[in-house]
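Raw contents of coords-v9.txt, compact mmCIF, C-alpha atoms (C1' of nucleotides):
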```txt
# COMPACT_ATOMS: atom_id res chain seq x y z
CA MET A 1 -112.59 247.94 0.60
CA PRO A 2 -114.25 248.45 -2.77
CA HIS A 3 -115.46 251.82 -3.78
CA ASN A 4 -118.26 250.87 -6.09
CA ALA A 5 -119.73 254.33 -6.35
CA THR A 6 -122.66 253.18 -8.41
CA TRP A 7 -125.29 250.49 -8.74
CA MET A 8 -125.89 247.14 -10.29
CA PHE A 9 -124.52 248.06 -13.72
CA SER A 10 -120.86 248.23 -14.65
CA LYS A 11 -119.64 251.68 -15.54
CA THR A 12 -119.34 250.51 -19.12
CA CYS A 13 -122.98 249.53 -19.04
CA GLU A 14 -124.06 252.82 -17.53
CA TYR A 15 -122.39 254.63 -20.39
CA ALA A 16 -123.97 252.25 -22.85
CA ILE A 17 -127.46 252.87 -21.50
CA ARG A 18 -126.97 256.62 -21.42
CA ALA A 19 -125.59 256.55 -24.95
CA ALA A 20 -128.45 254.42 -26.22
CA ILE A 21 -131.00 256.80 -24.78
CA PHE A 22 -129.07 259.79 -26.10
CA ILE A 23 -128.96 258.38 -29.62
CA THR A 24 -132.60 257.45 -29.42
CA ARG A 25 -133.46 261.00 -28.54
CA GLU A 26 -131.23 262.53 -31.20
CA SER A 27 -132.31 260.23 -33.99
CA ARG A 28 -135.86 261.32 -33.44
CA ASP A 29 -135.56 263.82 -36.22
CA GLY A 30 -133.21 261.72 -38.29
CA ARG A 31 -130.03 263.14 -36.85
CA ARG A 32 -126.86 261.10 -36.66
CA VAL A 33 -124.45 261.79 -33.88
CA GLY A 34 -120.71 261.25 -33.68
CA ALA A 35 -118.85 259.67 -30.81
CA LYS A 36 -117.60 263.06 -29.70
CA GLU A 37 -121.05 264.54 -29.54
CA ILE A 38 -122.34 261.54 -27.64
CA ALA A 39 -119.48 261.69 -25.17
CA ASP A 40 -120.25 265.35 -24.54
CA GLY A 41 -123.94 264.62 -24.23
CA ILE A 42 -123.61 261.91 -21.65
CA ASP A 43 -120.42 262.92 -19.85
CA SER A 44 -118.20 260.03 -20.76
CA PRO A 45 -114.64 259.61 -22.05
CA VAL A 46 -114.75 259.90 -25.85
CA HIS A 47 -112.61 256.95 -26.78
CA PHE A 48 -114.19 254.76 -24.20
CA ILE A 49 -117.71 255.37 -25.39
CA ALA A 50 -116.46 254.86 -28.94
CA LYS A 51 -115.39 251.36 -28.00
CA ILE A 52 -118.70 250.64 -26.38
CA LEU A 53 -120.56 251.95 -29.39
CA GLN A 54 -118.60 249.57 -31.59
CA GLU A 55 -119.96 246.71 -29.56
CA LEU A 56 -123.50 248.04 -29.55
CA SER A 57 -123.26 248.56 -33.28
CA LYS A 58 -121.96 245.04 -33.86
CA ARG A 59 -124.93 243.65 -31.99
CA GLY A 60 -127.41 245.81 -33.84
CA ILE A 61 -128.42 247.83 -30.81
CA VAL A 62 -127.45 250.98 -32.66
CA GLN A 63 -126.67 251.69 -36.30
CA SER A 64 -123.57 253.40 -37.56
CA SER A 65 -122.17 254.82 -40.77
CA LYS A 66 -118.70 256.03 -41.58
CA GLY A 67 -117.43 259.11 -43.30
CA PRO A 68 -118.68 262.67 -43.30
CA THR A 69 -122.35 262.92 -42.41
CA GLY A 70 -121.80 259.60 -40.71
CA GLY A 71 -122.37 258.77 -37.08
CA PHE A 72 -124.57 256.68 -34.87
CA TYR A 73 -128.31 256.45 -35.14
CA MET A 74 -131.27 254.12 -34.66
CA ASP A 75 -133.35 252.56 -37.38
CA ALA A 76 -136.76 251.01 -36.84
CA ASP A 77 -135.17 247.71 -35.90
CA ALA A 78 -132.92 249.28 -33.30
CA LEU A 79 -135.81 251.20 -31.81
CA GLY A 80 -137.47 247.88 -31.12
CA HIS A 81 -134.82 246.99 -28.58
CA THR A 82 -135.26 247.45 -24.87
CA LEU A 83 -132.89 248.62 -22.18
CA ALA A 84 -132.60 245.00 -21.13
CA ASP A 85 -131.08 244.29 -24.54
CA VAL A 86 -128.48 246.96 -23.94
CA VAL A 87 -127.68 245.63 -20.50
CA ILE A 88 -127.37 242.05 -21.70
CA THR A 89 -125.13 243.09 -24.56
CA ILE A 90 -122.68 244.74 -22.22
CA ASP A 91 -122.98 243.04 -18.84
CA GLY A 92 -124.46 239.73 -19.89
CA ASP A 93 -127.53 238.22 -18.28
CA SER A 94 -126.08 237.58 -14.84
CA LEU A 95 -128.13 240.46 -13.49
CA PHE A 96 -131.25 238.50 -14.29
CA LYS A 97 -129.97 235.01 -13.70
CA GLY A 98 -126.98 234.94 -11.35
CA CYS A 99 -127.06 234.38 -7.61
CA VAL A 100 -127.10 237.56 -5.51
CA LEU A 101 -124.37 236.15 -3.33
CA GLY A 102 -122.30 234.93 -6.25
CA LEU A 103 -122.77 231.23 -5.65
CA ASP A 104 -122.43 229.08 -8.73
CA GLU A 105 -124.72 226.39 -7.48
CA CYS A 106 -127.51 228.54 -6.11
CA SER A 107 -130.88 227.25 -7.26
CA GLU A 108 -134.41 226.54 -6.12
CA LYS A 109 -133.21 223.27 -4.67
CA LYS A 110 -130.00 224.58 -3.14
CA PRO A 111 -130.91 228.20 -2.47
CA CYS A 112 -128.64 230.73 -0.88
CA PRO A 113 -130.19 232.49 2.12
CA MET A 114 -131.32 235.40 0.00
CA HIS A 115 -132.58 233.43 -2.97
CA PHE A 116 -136.31 233.66 -2.43
CA GLU A 117 -136.30 237.16 -1.06
CA PHE A 118 -134.61 238.39 -4.19
CA LYS A 119 -136.75 236.52 -6.63
CA ARG A 120 -139.35 239.25 -6.71
CA ILE A 121 -136.81 242.02 -6.97
CA ARG A 122 -135.06 240.33 -9.82
CA LYS A 123 -138.32 239.84 -11.64
CA GLU A 124 -139.36 243.41 -11.18
CA LEU A 125 -136.00 244.56 -12.41
CA HIS A 126 -136.36 242.48 -15.51
CA THR A 127 -139.84 243.82 -16.07
CA VAL A 128 -138.76 247.43 -15.77
CA LEU A 129 -135.89 247.01 -18.17
CA ASN A 130 -137.90 244.99 -20.61
CA LYS A 131 -141.21 246.70 -20.77
CA THR A 132 -140.25 249.81 -22.66
CA LYS A 133 -138.81 249.74 -26.14
CA LEU A 134 -136.46 252.52 -27.08
CA GLY A 135 -138.90 253.50 -29.80
CA GLU A 136 -141.62 254.01 -27.23
CA LEU A 137 -139.25 256.00 -25.11
CA GLN A 138 -138.63 258.07 -28.22
CA ASP A 139 -142.32 258.75 -28.67
CA ASN A 140 -142.57 259.97 -25.14
CA LEU A 141 -142.45 263.75 -25.17
CA ASP A 142 -141.33 263.82 -21.55
CA MET A 143 -137.99 262.61 -22.73
CA SER A 144 -136.76 266.16 -22.99
CA THR A 145 -137.26 266.56 -19.29
CA PHE A 146 -134.78 263.85 -18.44
CA TYR A 147 -131.10 264.34 -17.93
CA LEU A 148 -128.19 262.27 -19.15
CA SER A 149 -125.28 264.38 -18.02
CA ARG A 150 -124.44 266.65 -15.19
CA ARG A 151 -125.09 269.92 -16.93
CA MET B 1 -116.38 244.43 -22.08
CA PRO B 2 -116.79 243.88 -18.34
CA HIS B 3 -117.32 240.44 -16.99
CA ASN B 4 -119.28 241.22 -13.86
CA ALA B 5 -120.33 237.62 -13.25
CA THR B 6 -122.49 238.59 -10.33
CA TRP B 7 -125.02 241.07 -9.09
CA MET B 8 -125.31 244.39 -7.36
CA PHE B 9 -122.78 243.63 -4.62
CA SER B 10 -119.02 243.73 -4.95
CA LYS B 11 -117.31 240.39 -4.56
CA THR B 12 -115.92 241.61 -1.28
CA CYS B 13 -119.45 242.32 -0.12
CA GLU B 14 -120.72 238.95 -1.24
CA TYR B 15 -118.05 237.29 0.87
CA ALA B 16 -118.92 239.57 3.75
CA ILE B 17 -122.59 238.67 3.63
CA ARG B 18 -121.88 234.98 3.35
CA ALA B 19 -119.40 235.17 6.22
CA ALA B 20 -121.83 237.10 8.39
CA ILE B 21 -124.53 234.52 7.85
CA PHE B 22 -122.07 231.70 8.41
CA ILE B 23 -120.88 233.14 11.70
CA THR B 24 -124.46 233.80 12.76
CA ARG B 25 -125.28 230.19 12.15
CA GLU B 26 -122.19 228.85 13.89
CA SER B 27 -122.44 231.09 16.92
CA ARG B 28 -125.88 229.77 17.54
CA ASP B 29 -124.51 227.31 20.04
CA GLY B 30 -121.75 229.57 21.26
CA ARG B 31 -119.12 228.39 18.81
CA ARG B 32 -116.37 230.65 17.60
CA VAL B 33 -114.97 230.11 14.16
CA GLY B 34 -111.57 230.94 12.74
CA ALA B 35 -110.89 232.64 9.45
CA LYS B 36 -109.81 229.35 7.92
CA GLU B 37 -113.01 227.60 8.88
CA ILE B 38 -115.08 230.48 7.58
CA ALA B 39 -113.21 230.52 4.30
CA ASP B 40 -113.88 226.82 3.90
CA GLY B 41 -117.49 227.23 4.82
CA ILE B 42 -118.25 229.97 2.34
CA ASP B 43 -115.77 229.19 -0.43
CA SER B 44 -113.60 232.24 -0.27
CA PRO B 45 -109.86 232.94 -0.22
CA VAL B 46 -108.67 232.68 3.39
CA HIS B 47 -106.57 235.79 3.61
CA PHE B 48 -109.07 237.82 1.74
CA ILE B 49 -111.95 236.97 4.03
CA ALA B 50 -109.62 237.59 6.97
CA LYS B 51 -109.20 241.15 5.77
CA ILE B 52 -112.90 241.61 5.35
CA LEU B 53 -113.55 240.19 8.80
CA GLN B 54 -111.16 242.72 10.25
CA GLU B 55 -113.32 245.46 8.85
CA LEU B 56 -116.56 243.86 9.99
CA SER B 57 -115.06 243.40 13.43
CA LYS B 58 -113.90 247.01 13.60
CA ARG B 59 -117.44 248.16 12.85
CA GLY B 60 -118.97 245.81 15.38
CA ILE B 61 -120.78 243.72 12.81
CA VAL B 62 -119.02 240.68 14.19
CA GLN B 63 -117.02 240.08 17.34
CA SER B 64 -113.57 238.59 17.46
CA SER B 65 -111.10 237.32 20.02
CA LYS B 66 -107.46 236.38 19.62
CA GLY B 67 -105.48 233.41 20.80
CA PRO B 68 -106.40 229.77 21.15
CA THR B 69 -110.14 229.22 21.50
CA GLY B 70 -110.41 232.57 19.78
CA GLY B 71 -112.17 233.33 16.54
CA PHE B 72 -115.16 235.22 15.21
CA TYR B 73 -118.60 235.17 16.72
CA MET B 74 -121.70 237.26 17.31
CA ASP B 75 -122.87 238.69 20.58
CA ALA B 76 -126.36 239.99 21.22
CA ASP B 77 -125.41 243.39 19.86
CA ALA B 78 -124.05 241.97 16.63
CA LEU B 79 -127.13 239.83 16.17
CA GLY B 80 -129.15 243.00 16.11
CA HIS B 81 -127.59 244.06 12.86
CA THR B 82 -129.20 243.53 9.49
CA LEU B 83 -127.78 242.50 6.15
CA ALA B 84 -128.14 246.12 5.12
CA ASP B 85 -125.63 246.99 7.83
CA VAL B 86 -123.18 244.52 6.37
CA VAL B 87 -123.68 245.87 2.87
CA ILE B 88 -123.27 249.47 3.95
CA THR B 89 -120.12 248.64 5.89
CA ILE B 90 -118.47 247.14 2.84
CA ASP B 91 -120.01 248.77 -0.22
CA GLY B 92 -121.30 251.97 1.31
CA ASP B 93 -124.82 253.24 0.82
CA SER B 94 -124.66 253.93 -2.90
CA LEU B 95 -126.82 250.90 -3.51
CA PHE B 96 -129.63 252.64 -1.70
CA LYS B 97 -128.90 256.20 -2.66
CA GLY B 98 -126.89 256.47 -5.87
CA CYS B 99 -128.25 256.98 -9.37
CA VAL B 100 -128.73 253.79 -11.37
CA LEU B 101 -127.02 255.38 -14.32
CA GLY B 102 -124.18 256.76 -12.26
CA LEU B 103 -125.12 260.42 -12.61
CA ASP B 104 -123.93 262.65 -9.81
CA GLU B 105 -126.73 265.12 -10.20
CA CYS B 106 -129.63 262.75 -10.58
CA SER B 107 -132.51 263.80 -8.36
CA GLU B 108 -136.25 264.23 -8.24
CA LYS B 109 -135.84 267.56 -9.96
CA LYS B 110 -133.24 266.46 -12.50
CA PRO B 111 -134.05 262.78 -12.87
CA CYS B 112 -132.25 260.41 -15.15
CA PRO B 113 -134.56 258.49 -17.49
CA MET B 114 -134.71 255.55 -15.13
CA HIS B 115 -135.05 257.44 -11.90
CA PHE B 116 -138.72 256.94 -11.17
CA GLU B 117 -138.90 253.42 -12.48
CA PHE B 118 -136.16 252.36 -10.11
CA LYS B 119 -137.51 254.10 -7.10
CA ARG B 120 -139.72 251.20 -6.19
CA ILE B 121 -137.03 248.61 -6.81
CA ARG B 122 -134.56 250.47 -4.68
CA LYS B 123 -137.07 250.75 -1.88
CA GLU B 124 -137.93 247.09 -2.02
CA LEU B 125 -134.29 246.23 -1.98
CA HIS B 126 -133.75 248.31 1.09
CA THR B 127 -136.73 246.71 2.76
CA VAL B 128 -135.55 243.19 2.07
CA LEU B 129 -132.07 243.85 3.39
CA ASN B 130 -133.31 245.75 6.39
CA LYS B 131 -136.25 243.79 7.61
CA THR B 132 -134.47 240.78 9.05
CA LYS B 133 -131.96 240.99 11.85
CA LEU B 134 -129.22 238.40 11.91
CA GLY B 135 -130.54 237.25 15.27
CA GLU B 136 -133.92 236.54 13.74
CA LEU B 137 -132.24 234.70 10.94
CA GLN B 138 -130.48 232.74 13.62
CA ASP B 139 -133.74 231.79 15.29
CA ASN B 140 -135.09 230.51 12.02
CA LEU B 141 -134.64 226.77 11.94
CA ASP B 142 -134.82 226.71 8.15
CA MET B 143 -131.36 228.20 8.15
CA SER B 144 -129.87 224.75 7.90
CA THR B 145 -131.54 224.27 4.57
CA PHE B 146 -129.70 227.15 3.00
CA TYR B 147 -126.37 226.94 1.30
CA LEU B 148 -123.40 229.24 1.52
CA SER B 149 -120.86 227.35 -0.55
CA ARG B 150 -120.83 225.06 -3.53
CA ARG B 151 -120.56 221.81 -1.68
C1' DA C 1 -92.39 232.00 31.67
C1' DC C 2 -93.40 229.45 27.45
C1' DA C 3 -95.28 227.41 23.42
C1' DA C 4 -99.18 227.33 20.62
C1' DT C 5 -102.95 229.57 18.54
C1' DA C 6 -105.51 232.98 16.09
C1' DA C 7 -106.61 237.71 14.80
C1' DA C 8 -104.48 242.27 13.23
C1' DA C 9 -101.68 244.60 10.32
C1' DG C 10 -99.27 245.56 6.38
C1' DA C 11 -96.67 244.70 2.16
C1' DT C 12 -96.99 242.93 -2.34
C1' DA C 13 -98.93 240.62 -6.52
C1' DT C 14 -102.48 239.58 -9.90
C1' DT C 15 -106.52 240.46 -12.46
C1' DT C 16 -110.19 243.20 -14.15
C1' DT C 17 -112.09 247.40 -15.32
C1' DT C 18 -111.71 251.76 -17.00
C1' DG C 19 -109.52 255.10 -19.80
C1' DT C 20 -106.18 256.95 -23.56
C1' DC C 21 -103.80 257.18 -27.82
C1' DT C 22 -102.61 255.86 -32.61
C1' DT C 23 -103.46 253.69 -36.96
C1' DT C 24 -106.56 251.82 -40.39
C1' DT C 25 -110.68 251.59 -43.17
C1' DA C 26 -114.81 253.27 -45.24
C1' DT C 27 -117.59 257.09 -47.02
C1' DT C 28 -118.71 261.60 -48.63
C1' DA C 29 -118.45 265.85 -51.14
C1' DA C 30 -115.97 268.81 -53.92
C1' DT D 1 -109.38 261.27 -57.46
C1' DT D 2 -108.49 263.76 -53.64
C1' DA D 3 -109.13 265.81 -49.09
C1' DA D 4 -111.87 265.62 -45.21
C1' DT D 5 -114.57 263.13 -42.02
C1' DA D 6 -115.95 259.56 -38.91
C1' DA D 7 -116.19 254.82 -37.36
C1' DA D 8 -113.36 250.45 -36.59
C1' DA D 9 -109.58 248.35 -34.76
C1' DG D 10 -105.90 247.60 -31.88
C1' DA D 11 -102.08 248.76 -28.75
C1' DC D 12 -101.17 250.63 -24.49
C1' DA D 13 -101.73 252.90 -19.63
C1' DA D 14 -103.83 253.81 -15.25
C1' DA D 15 -106.75 252.68 -11.61
C1' DA D 16 -109.44 249.74 -8.86
C1' DA D 17 -110.72 245.30 -7.14
C1' DT D 18 -109.33 240.94 -5.79
C1' DA D 19 -106.01 237.76 -3.94
C1' DT D 20 -101.66 236.18 -1.57
C1' DC D 21 -97.98 236.20 1.67
C1' DT D 22 -95.35 237.66 5.81
C1' DT D 23 -94.84 239.76 10.24
C1' DT D 24 -96.75 241.40 14.51
C1' DT D 25 -99.73 241.36 18.51
C1' DA D 26 -102.80 239.45 21.83
C1' DT D 27 -104.53 235.46 24.37
C1' DT D 28 -104.73 230.88 26.17
C1' DG D 29 -103.41 226.61 28.48
C1' DT D 30 -99.51 224.30 30.32
```

Encoding of this model in structure tokens:
Amino acid sequence: MPHNATWMFSKTCEYAIRAAIFITRESRDGRRVGAKEIADGIDSPVHFIAKILQELSKRGIVQSSKGPTGGFYMDADALGHTLADVVITIDGDSLFKGCVLGLDECSEKKPCPMHFEFKRIRKELHTVLNKTKLGELQDNLDMSTFYLSRR
Amino acid sequence: MPHNATWMFSKTCEYAIRAAIFITRESRDGRRVGAKEIADGIDSPVHFIAKILQELSKRGIVQSSKGPTGGFYMDADALGHTLADVVITIDGDSLFKGCVLGLDECSEKKPCPMHFEFKRIRKELHTVLNKTKLGELQDNLDMSTFYLSRR
DNA sequence: ACAATAAAAGATATTTTTGTCTTTTATTAA
DNA sequence: TTAATAAAAGACAAAAATATCTTTTATTGT
């Protein structure tokens, strides 16, 4: 039987979200952070998060620059993204659109038994992930009271 | 990047839920259904669902009997179970308890940035999966209007 | 008793996800 | 213009999830 020690996001996506929030927080005072520092900050394998960051960078979710003094950061544009953007970039939009029971043909007309029950949950989920921009999260002083790693 | 074409449940668990509902429906008029028939009915690999059914049977979520006229079915006891029971049997309770971002130490005191936002969603999710017993689902005539496979 | 049926059990294979390591490319500062 | 730094890229490895196949065991009707 599957282990599935987590929730609704792939592990890759969990790392991505944690990294995005970490970078948001760090780039508050203009700091750029390297893959190593991020990996330490969010408890993830260095090379793995590096790969993920490549993808996020490609899609404009985070900014990056090479060389010394380089690293990952967020510009104004990037701060306009939401957590939903991060999720969609990594896991796609199936979380918001796919059938809970994995049926291809599930729809309003041919609903699976859980279709209508989960409509509200799905909507709420979308709302939560969409309502806050990373920039707003950045402005929130409480941010320092949240944890991204186990230490 | 991960594919993750579905939602919050493992594929194994999706099959399990679909099978449980299928058996509930079929055992309405005392019918027992074989693994093959179930696999056809819910669009799943035969041997794979057979394995899953073994587990569900072991935990009393479904009943089974061997030999000709044998197959899977639900007795009164089994009909008292909820979808949450099925989910927990297969995927464990991490869906209801684990941190959304996969942090081991996430708690009220050391919350991850999404902790409080997701509290409500998690609760609602638990409610939806817990509120209806399979037996009640069985009594619901609308059941015939729901789909469990692509055909 | 026997043949047929169906679940249980277990071995094995494939695919996907996750994680690691090495090389290349771009940028900076001295 | 060179050495150091850091991301980008790509090859490879390990682990987990999913899927298939074969053998065994229990049950039924004849």

Could you superpose chain A on chain B by least squares over every Cα, matched in sequence order, and send it back as an mmCIF file with C-alpha atoms, in the frame of the given file?
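Written output follows (out.cif):
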```
data_model
loop_
_atom_site.group_PDB
_atom_site.id
_atom_site.type_symbol
_atom_site.label_atom_id
_atom_site.label_comp_id
_atom_site.auth_asym_id
_atom_site.auth_seq_id
_atom_site.Cartn_x
_atom_site.Cartn_y
_atom_site.Cartn_z
ATOM 1 C CA MET A 1 -116.354 244.446 -22.089
ATOM 2 C CA PRO A 2 -116.754 243.852 -18.367
ATOM 3 C CA HIS A 3 -117.303 240.413 -17.059
ATOM 4 C CA ASN A 4 -119.237 241.176 -13.936
ATOM 5 C CA ALA A 5 -120.274 237.619 -13.250
ATOM 6 C CA THR A 6 -122.428 238.569 -10.316
ATOM 7 C CA TRP A 7 -124.991 241.057 -9.091
ATOM 8 C CA MET A 8 -125.290 244.370 -7.383
ATOM 9 C CA PHE A 9 -122.791 243.596 -4.618
ATOM 10 C CA SER A 10 -119.028 243.712 -4.962
ATOM 11 C CA LYS A 11 -117.327 240.375 -4.578
ATOM 12 C CA THR A 12 -115.941 241.605 -1.285
ATOM 13 C CA CYS A 13 -119.462 242.308 -0.135
ATOM 14 C CA GLU A 14 -120.734 238.928 -1.246
ATOM 15 C CA TYR A 15 -118.077 237.283 0.869
ATOM 16 C CA ALA A 16 -118.921 239.565 3.748
ATOM 17 C CA ILE A 17 -122.604 238.669 3.628
ATOM 18 C CA ARG A 18 -121.890 234.966 3.337
ATOM 19 C CA ALA A 19 -119.422 235.180 6.207
ATOM 20 C CA ALA A 20 -121.847 237.104 8.386
ATOM 21 C CA ILE A 21 -124.546 234.522 7.844
ATOM 22 C CA PHE A 22 -122.068 231.701 8.404
ATOM 23 C CA ILE A 23 -120.898 233.156 11.706
ATOM 24 C CA THR A 24 -124.456 233.808 12.742
ATOM 25 C CA ARG A 25 -125.292 230.193 12.148
ATOM 26 C CA GLU A 26 -122.195 228.866 13.893
ATOM 27 C CA SER A 27 -122.454 231.111 16.915
ATOM 28 C CA ARG A 28 -125.892 229.750 17.563
ATOM 29 C CA ASP A 29 -124.497 227.312 20.049
ATOM 30 C CA GLY A 30 -121.756 229.607 21.248
ATOM 31 C CA ARG A 31 -119.141 228.414 18.812
ATOM 32 C CA ARG A 32 -116.377 230.684 17.606
ATOM 33 C CA VAL A 33 -114.985 230.145 14.173
ATOM 34 C CA GLY A 34 -111.577 230.963 12.747
ATOM 35 C CA ALA A 35 -110.902 232.645 9.444
ATOM 36 C CA LYS A 36 -109.843 229.346 7.934
ATOM 37 C CA GLU A 37 -113.029 227.609 8.910
ATOM 38 C CA ILE A 38 -115.099 230.481 7.591
ATOM 39 C CA ALA A 39 -113.221 230.518 4.308
ATOM 40 C CA ASP A 40 -113.881 226.803 3.918
ATOM 41 C CA GLY A 41 -117.507 227.250 4.865
ATOM 42 C CA ILE A 42 -118.259 229.947 2.360
ATOM 43 C CA ASP A 43 -115.784 229.159 -0.413
ATOM 44 C CA SER A 44 -113.611 232.218 -0.253
ATOM 45 C CA PRO A 45 -109.866 232.919 -0.216
ATOM 46 C CA VAL A 46 -108.683 232.666 3.400
ATOM 47 C CA HIS A 47 -106.582 235.779 3.606
ATOM 48 C CA PHE A 48 -109.090 237.814 1.730
ATOM 49 C CA ILE A 49 -111.957 236.955 4.015
ATOM 50 C CA ALA A 50 -109.638 237.599 6.953
ATOM 51 C CA LYS A 51 -109.207 241.158 5.760
ATOM 52 C CA ILE A 52 -112.912 241.608 5.345
ATOM 53 C CA LEU A 53 -113.560 240.197 8.784
ATOM 54 C CA GLN A 54 -111.163 242.743 10.239
ATOM 55 C CA GLU A 55 -113.332 245.469 8.818
ATOM 56 C CA LEU A 56 -116.563 243.876 9.968
ATOM 57 C CA SER A 57 -115.056 243.419 13.398
ATOM 58 C CA LYS A 58 -113.905 247.034 13.562
ATOM 59 C CA ARG A 59 -117.423 248.174 12.807
ATOM 60 C CA GLY A 60 -118.976 245.856 15.346
ATOM 61 C CA ILE A 61 -120.784 243.730 12.797
ATOM 62 C CA VAL A 62 -119.020 240.684 14.174
ATOM 63 C CA GLN A 63 -117.022 240.077 17.336
ATOM 64 C CA SER A 64 -113.561 238.620 17.468
ATOM 65 C CA SER A 65 -111.070 237.347 20.009
ATOM 66 C CA LYS A 66 -107.448 236.411 19.600
ATOM 67 C CA GLY A 67 -105.451 233.455 20.756
ATOM 68 C CA PRO A 68 -106.359 229.811 21.122
ATOM 69 C CA THR A 69 -110.087 229.276 21.501
ATOM 70 C CA GLY A 70 -110.384 232.608 19.762
ATOM 71 C CA GLY A 71 -112.191 233.350 16.540
ATOM 72 C CA PHE A 72 -115.151 235.243 15.219
ATOM 73 C CA TYR A 73 -118.594 235.194 16.721
ATOM 74 C CA MET A 74 -121.710 237.289 17.287
ATOM 75 C CA ASP A 75 -122.876 238.720 20.566
ATOM 76 C CA ALA A 76 -126.377 240.002 21.214
ATOM 77 C CA ASP A 77 -125.443 243.401 19.845
ATOM 78 C CA ALA A 78 -124.076 241.975 16.622
ATOM 79 C CA LEU A 79 -127.145 239.826 16.152
ATOM 80 C CA GLY A 80 -129.183 243.003 16.101
ATOM 81 C CA HIS A 81 -127.605 244.060 12.837
ATOM 82 C CA THR A 82 -129.219 243.526 9.479
ATOM 83 C CA LEU A 83 -127.800 242.506 6.137
ATOM 84 C CA ALA A 84 -128.148 246.125 5.101
ATOM 85 C CA ASP A 85 -125.636 246.987 7.821
ATOM 86 C CA VAL A 86 -123.193 244.513 6.352
ATOM 87 C CA VAL A 87 -123.686 245.860 2.861
ATOM 88 C CA ILE A 88 -123.262 249.467 3.940
ATOM 89 C CA THR A 89 -120.127 248.631 5.876
ATOM 90 C CA ILE A 90 -118.480 247.143 2.831
ATOM 91 C CA ASP A 91 -120.014 248.777 -0.232
ATOM 92 C CA GLY A 92 -121.303 251.978 1.297
ATOM 93 C CA ASP A 93 -124.838 253.234 0.822
ATOM 94 C CA SER A 94 -124.668 253.941 -2.895
ATOM 95 C CA LEU A 95 -126.829 250.899 -3.526
ATOM 96 C CA PHE A 96 -129.642 252.628 -1.705
ATOM 97 C CA LYS A 97 -128.897 256.198 -2.638
ATOM 98 C CA GLY A 98 -126.874 256.465 -5.848
ATOM 99 C CA CYS A 99 -128.236 256.974 -9.340
ATOM 100 C CA VAL A 100 -128.735 253.776 -11.352
ATOM 101 C CA LEU A 101 -127.001 255.362 -14.296
ATOM 102 C CA GLY A 102 -124.174 256.768 -12.215
ATOM 103 C CA LEU A 103 -125.092 260.415 -12.572
ATOM 104 C CA ASP A 104 -123.908 262.620 -9.751
ATOM 105 C CA GLU A 105 -126.678 265.115 -10.129
ATOM 106 C CA CYS A 106 -129.596 262.746 -10.522
ATOM 107 C CA SER A 107 -132.477 263.792 -8.298
ATOM 108 C CA GLU A 108 -136.228 264.221 -8.188
ATOM 109 C CA LYS A 109 -135.827 267.555 -9.908
ATOM 110 C CA LYS A 110 -133.221 266.472 -12.438
ATOM 111 C CA PRO A 111 -134.029 262.787 -12.818
ATOM 112 C CA CYS A 112 -132.235 260.416 -15.108
ATOM 113 C CA PRO A 113 -134.560 258.510 -17.446
ATOM 114 C CA MET A 114 -134.698 255.548 -15.112
ATOM 115 C CA HIS A 115 -135.041 257.452 -11.864
ATOM 116 C CA PHE A 116 -138.710 256.936 -11.135
ATOM 117 C CA GLU A 117 -138.895 253.431 -12.479
ATOM 118 C CA PHE A 118 -136.172 252.368 -10.108
ATOM 119 C CA LYS A 119 -137.511 254.100 -7.069
ATOM 120 C CA ARG A 120 -139.724 251.183 -6.167
ATOM 121 C CA ILE A 121 -137.043 248.615 -6.806
ATOM 122 C CA ARG A 122 -134.575 250.465 -4.678
ATOM 123 C CA LYS A 123 -137.070 250.729 -1.869
ATOM 124 C CA GLU A 124 -137.934 247.086 -2.007
ATOM 125 C CA LEU A 125 -134.280 246.207 -1.982
ATOM 126 C CA HIS A 126 -133.742 248.290 1.090
ATOM 127 C CA THR A 127 -136.726 246.698 2.757
ATOM 128 C CA VAL A 128 -135.541 243.176 2.064
ATOM 129 C CA LEU A 129 -132.075 243.839 3.377
ATOM 130 C CA ASN A 130 -133.303 245.730 6.376
ATOM 131 C CA LYS A 131 -136.233 243.778 7.604
ATOM 132 C CA THR A 132 -134.469 240.771 9.023
ATOM 133 C CA LYS A 133 -131.962 240.990 11.825
ATOM 134 C CA LEU A 134 -129.232 238.406 11.890
ATOM 135 C CA GLY A 135 -130.547 237.277 15.253
ATOM 136 C CA GLU A 136 -133.921 236.533 13.728
ATOM 137 C CA LEU A 137 -132.250 234.703 10.912
ATOM 138 C CA GLN A 138 -130.477 232.722 13.609
ATOM 139 C CA ASP A 139 -133.745 231.771 15.252
ATOM 140 C CA ASN A 140 -135.064 230.495 11.990
ATOM 141 C CA LEU A 141 -134.658 226.735 11.925
ATOM 142 C CA ASP A 142 -134.806 226.708 8.138
ATOM 143 C CA MET A 143 -131.364 228.179 8.156
ATOM 144 C CA SER A 144 -129.856 224.735 7.941
ATOM 145 C CA THR A 145 -131.528 224.256 4.613
ATOM 146 C CA PHE A 146 -129.682 227.134 3.025
ATOM 147 C CA TYR A 147 -126.356 226.917 1.312
ATOM 148 C CA LEU A 148 -123.370 229.214 1.523
ATOM 149 C CA SER A 149 -120.853 227.316 -0.541
ATOM 150 C CA ARG A 150 -120.836 225.083 -3.521
ATOM 151 C CA ARG A 151 -120.623 221.794 -1.710
#
```

Inset, instruction - Could you list the residues in chain B lying within 8 Å of chain C, using all atoms listed in the file, and format the result as a VMD selection string? - result: chain B and resid 2 34 54 64 to 71

Inset, instruction - When you get a sec, could you note down which chain A residues fall within 8 Å of chain B, using all atoms listed in the file, as a ChimeraX atom specification? - result: /A:1-12,14-15,17-18,52,90-92,94-95,98-106,110-113,117-118,121,124-125,128,143,145-150
